[in-house]
Each structure stands twice: as structure tokens, then as C-alpha cells.
Amino acid sequence: MLASSLTNKRGKLAIYILPISEMMEERQVDSQNTVVEDQDTWHELAITDPVDKPHLVHKESEDQEALLLNGAKHPEHRPLLVSFALEEFEFPSSVCLEEMPLFPQWHLPLKLMAILMALTFLYTFTRDVLQPFVSQSRSDFYKIPILVMNKTLPWTAISLLALVYLPGLLAALLQLHRGTKYSSFPGWLERWMSMRKQLGLLAFFLAALHAIYSLCYPMRRSYRYKLLNWAYQQVQQNQEDSWVADDVWRMEIYVSLGIMGLGLLALLAISSLPSISDALNWREFTWMQRSLGYAALVLCTAHALVYGWRKWVEPKHYVWYTPPSFILASLLPATVLLVKAVLLLPCLDRRLGQICRGWESPRPPRGRGVTEKDSL
């Protein structure tokens, strides 16, 4: 690196840190043979080589090093590193800010989140708002801002969290089938694994919004009117005590599981920060992202199931022959947990451990090229 100082038109001193090709050429970094060991973390990022082929790495320092090397070989793709924020007119004329992509790694995760939210919103709107309006001529459109959204957010959040760990399981199954870890993954699977960090952070964001929405329930005017109606109905029925032990236990367990799940998601999100992940060794980081991640997925799935409680078998909750939303929301995470439980069986877990340590099947599958790229 070489720091050069330039004086702009206003007299400010701007320091630009520019990569030097001579220094970078001495560090022979082969980005195509980068080894990645873990299968269940959020933190892998994707970089592109001169032929725009994605490779997965597990440290941001290696990302920056590979990018700098690429910039040294190809000046047109050279990144600009500055030591402080500059105004647009202070950049050199060779830098075109309009051509710099805005958060390129977040484009696909955000699109996926938007699609999931749209589908879950339409499903919830159809069941909770449209069905009463069509069947009973009852206007429940007031439920859209809070109640419908508060079912859409957790459904999308737990789906994104399941999508964080599903590609690692698919990669493990593929390695078991091939009997080696040195065979390259399909492009779609590599791209999926490279955006797990973004999917996990979006899941935490939606889960936090779900918690805030839930805390705002007593503040709603409609809830106060319903509370008065319930009290009036209790007086009309001459009930001195409206305590229902079944509902009390359901709500206590439901809220407790949600709080613990959100707490674990917060730890996972914090550990994904570069400043925190750099302070952890690889074993500590892997344990947090894998063990705590699956624990959070278990708690969130149990949170959704306890919310349903006995609604599984009550026909009145199957309006228009559609199942309640918590059933559909639990399908994907339950499938991920089931596959993970199968892979933890001693016979499969032992073989996966051998493959991760470099063991290869005596007869690898035909027609597949073997490379030195490691698996996630």
C-alpha cells in the first residue's frame, strides 16, 4: 500500500490509499483454491475473478486481498480505498461513482425477502380479512396494518432462517453422494451459500420487527374495545373469574420461546460483524454460527408450534379449506431440522467427518470433474 496526499481545490488534504502491483505480485494468492471448511455459517462472502466466476472465502481479509490482487492485474477493476469520507467532487476524475454498484451482495436476498413477504401477506390477508368479508359481510380491514403484518413478519423471518442452513445440508448430502470434498458445487448452490449472512441478518431484522409489533398489541384502540366487550360479556354471563389455565400456559410458553429465540438471533447477528468475528478464532466462530444457529431455529420453530397449540385439530381454523399460517410457516424449518437430525446419525456423521478431513471414496462418481476447491 502507498499513501499519497493530494490537495483539492478547497485546500483540503485528501489521502488516497492506492494498491501497488509490485507489492501485490509478491504475495501469490490463488483465489481459486481457497479452502472453506464450515457448512453452517452466515459469514461466507462471494468475490469474482477476472472471468466473473464466484469463489467462496471465509475471511474478509482474504476478500480484500483477492480484490486488491485483481485490481493490480486489471486496473479498470481496481478498488478505491480511502482513509476517510470524501465528497463526490473530491474524487479523481478517473473514478465514476455512478458505475459503482450499491450493495451488490444484498440484491438477491432482498428480492427473496420481498417475494416471501408478498406471498405470506396475500395468504394471511385472504384468510383473516377477505374470507370474513365475503362469507360474513364483516369488515376486518383494520387488521391489515398490525395483525396481518404481524403474521407476515414471523413467517418470513423463520423461512429466511431455515434458508440459511438448508444449503449447508444440501452440500453435506452432495458430499456424501460424491464421497469427496474436492468436487465443485453447482453454481446455484455456491451462490446460495454465499448469501447466507445476508439472509440471516434479514431474518433477525424481521424477527425484531415482529417483537416490536407484538409489544404494541395493547396500544391498539381495537384491542381496548374488545377488552371492554369481553368484560361486558363476562358480567352478562355472571362469571366471577375468566381464568383459562390452558390459554395462560400457552401464552407463557409461547412468549418465553420467542424471547429466547430472538436473543440467540441477536448473538448470531452480532457475531457476524467484522470487528467481532475477527476477535474469534475459527472454532469459536463456527460453534456460534452452527450450534447457536440451530438452537435458534429450534426455538423459533417451537415458538410457532406452541402458538398453534390445539389449532391443529380444530376444523374452525381451516377456513376455505386452507391450513392456518403457523402450519405452513413450520414446514420448512421442521424439514431442515429433520434433515439435520438424520445427518447427526453416527454412521453419517462419521463419514462426513472423514470427508472433511480429506477422505475420498475409492470410486468417485463418473462424469464429474474433481477440483481442489473445498466445500463449505
# chains A, B, ... in the order shown; residues from 1 in each chain; ligands from 1
>>> closest_atom_pairs(of="segment 146-216 of chain A", to="segment 325-348 of chain A", cutoff="10 Å", atoms="only C-alpha atoms", output="tab-separated table")
residue	atom	partner	partner_atom	distance
A:Lys151	CA	A:Ser325	CA	7.8
A:Thr152	CA	A:Ser325	CA	9.0
A:Pro154	CA	A:Ala329	CA	8.4
A:Trp155	CA	A:Ala329	CA	5.3
A:Thr156	CA	A:Ala329	CA	8.0
A:Ala157	CA	A:Ala329	CA	9.4
A:Ile158	CA	A:Pro333	CA	7.1
A:Ser159	CA	A:Leu332	CA	6.6
A:Leu160	CA	A:Pro333	CA	9.3
A:Leu161	CA	A:Pro333	CA	7.9
A:Ala162	CA	A:Pro333	CA	5.0
A:Leu163	CA	A:Pro333	CA	8.3
A:Val164	CA	A:Val336	CA	9.9
A:Tyr165	CA	A:Val336	CA	7.3
A:Leu166	CA	A:Val336	CA	6.0
A:Pro167	CA	A:Val336	CA	9.7
A:Gly168	CA	A:Lys340	CA	9.7
A:Leu169	CA	A:Lys340	CA	6.9
A:Leu170	CA	A:Val339	CA	9.3
A:Ala172	CA	A:Leu343	CA	8.4
A:Leu173	CA	A:Leu343	CA	8.4
A:Leu176	CA	A:Leu348	CA	8.1
>>> select_by_dssp(residues="segment 202-286 of chain A", states="alpha helix (DSSP H)", output="count of residues only")
66
>>> closest_residue(among="A:Ala245, A:Glu284, A:Pro274, A:Ala296", to="Phe204 of chain A", atoms="only C-alpha atoms")
A:Ala296
>>> closest_residue(among="A:His303, A:Ile270, A:Leu262, A:Ser214", to="Met288 of chain A", atoms="only C-alpha atoms")
A:Ile270
>>> closest_atom_pairs(of="segment 134-204 of chain A", to="segment 105-111 of chain A", cutoff="7 Å", atoms="only C-alpha atoms", output="tab-separated table")
residue	atom	partner	partner_atom	distance
A:Met195	CA	A:Pro109	CA	7.0
A:Gln198	CA	A:Pro109	CA	6.4
A:Leu199	CA	A:Pro109	CA	6.0
>>> residues_around(residues="Tyr123 of chain A", least_positions_apart="5", cutoff="10 Å", atoms="only C-alpha atoms", output="list in words")
Met117, Ala118, Asp128, Val129, Leu130, Val148, Thr152, Thr322, Pro324 and Ser325 of chain A
>>> residues_around(residues="Gly258 of chain A", least_positions_apart="5", cutoff="9 Å", atoms="only C-alpha atoms", output="PyMOL selection string")
chain A and resi 211+253+263+299-300+302-304
>>> residues_around(residues="Leu153 of chain A", least_positions_apart="6", cutoff="9 Å", atoms="only C-alpha atoms", output="ChimeraX atom specification")
/A:117,120-121,206-207,209-210
>>> write_last_selection(atoms="C-alpha atoms", output="tab-separated table (two decimals), in the first residue's frame")
chain	number	residue	atom	x	y	z
A	117	MET	CA	-43.35	-11.29	2.32
A	120	THR	CA	-47.31	-14.61	3.07
A	121	PHE	CA	-49.14	-11.30	3.17
A	206	LEU	CA	-37.87	-9.23	10.66
A	207	ALA	CA	-37.91	-11.12	13.97
A	209	LEU	CA	-39.92	-6.12	13.99
A	210	HIS	CA	-42.25	-8.98	14.97
>>> atom_distance(atom1="atom CA of Phe141 of chain A", atom2="atom CA of Tyr232 of chain A")
24.5 Å
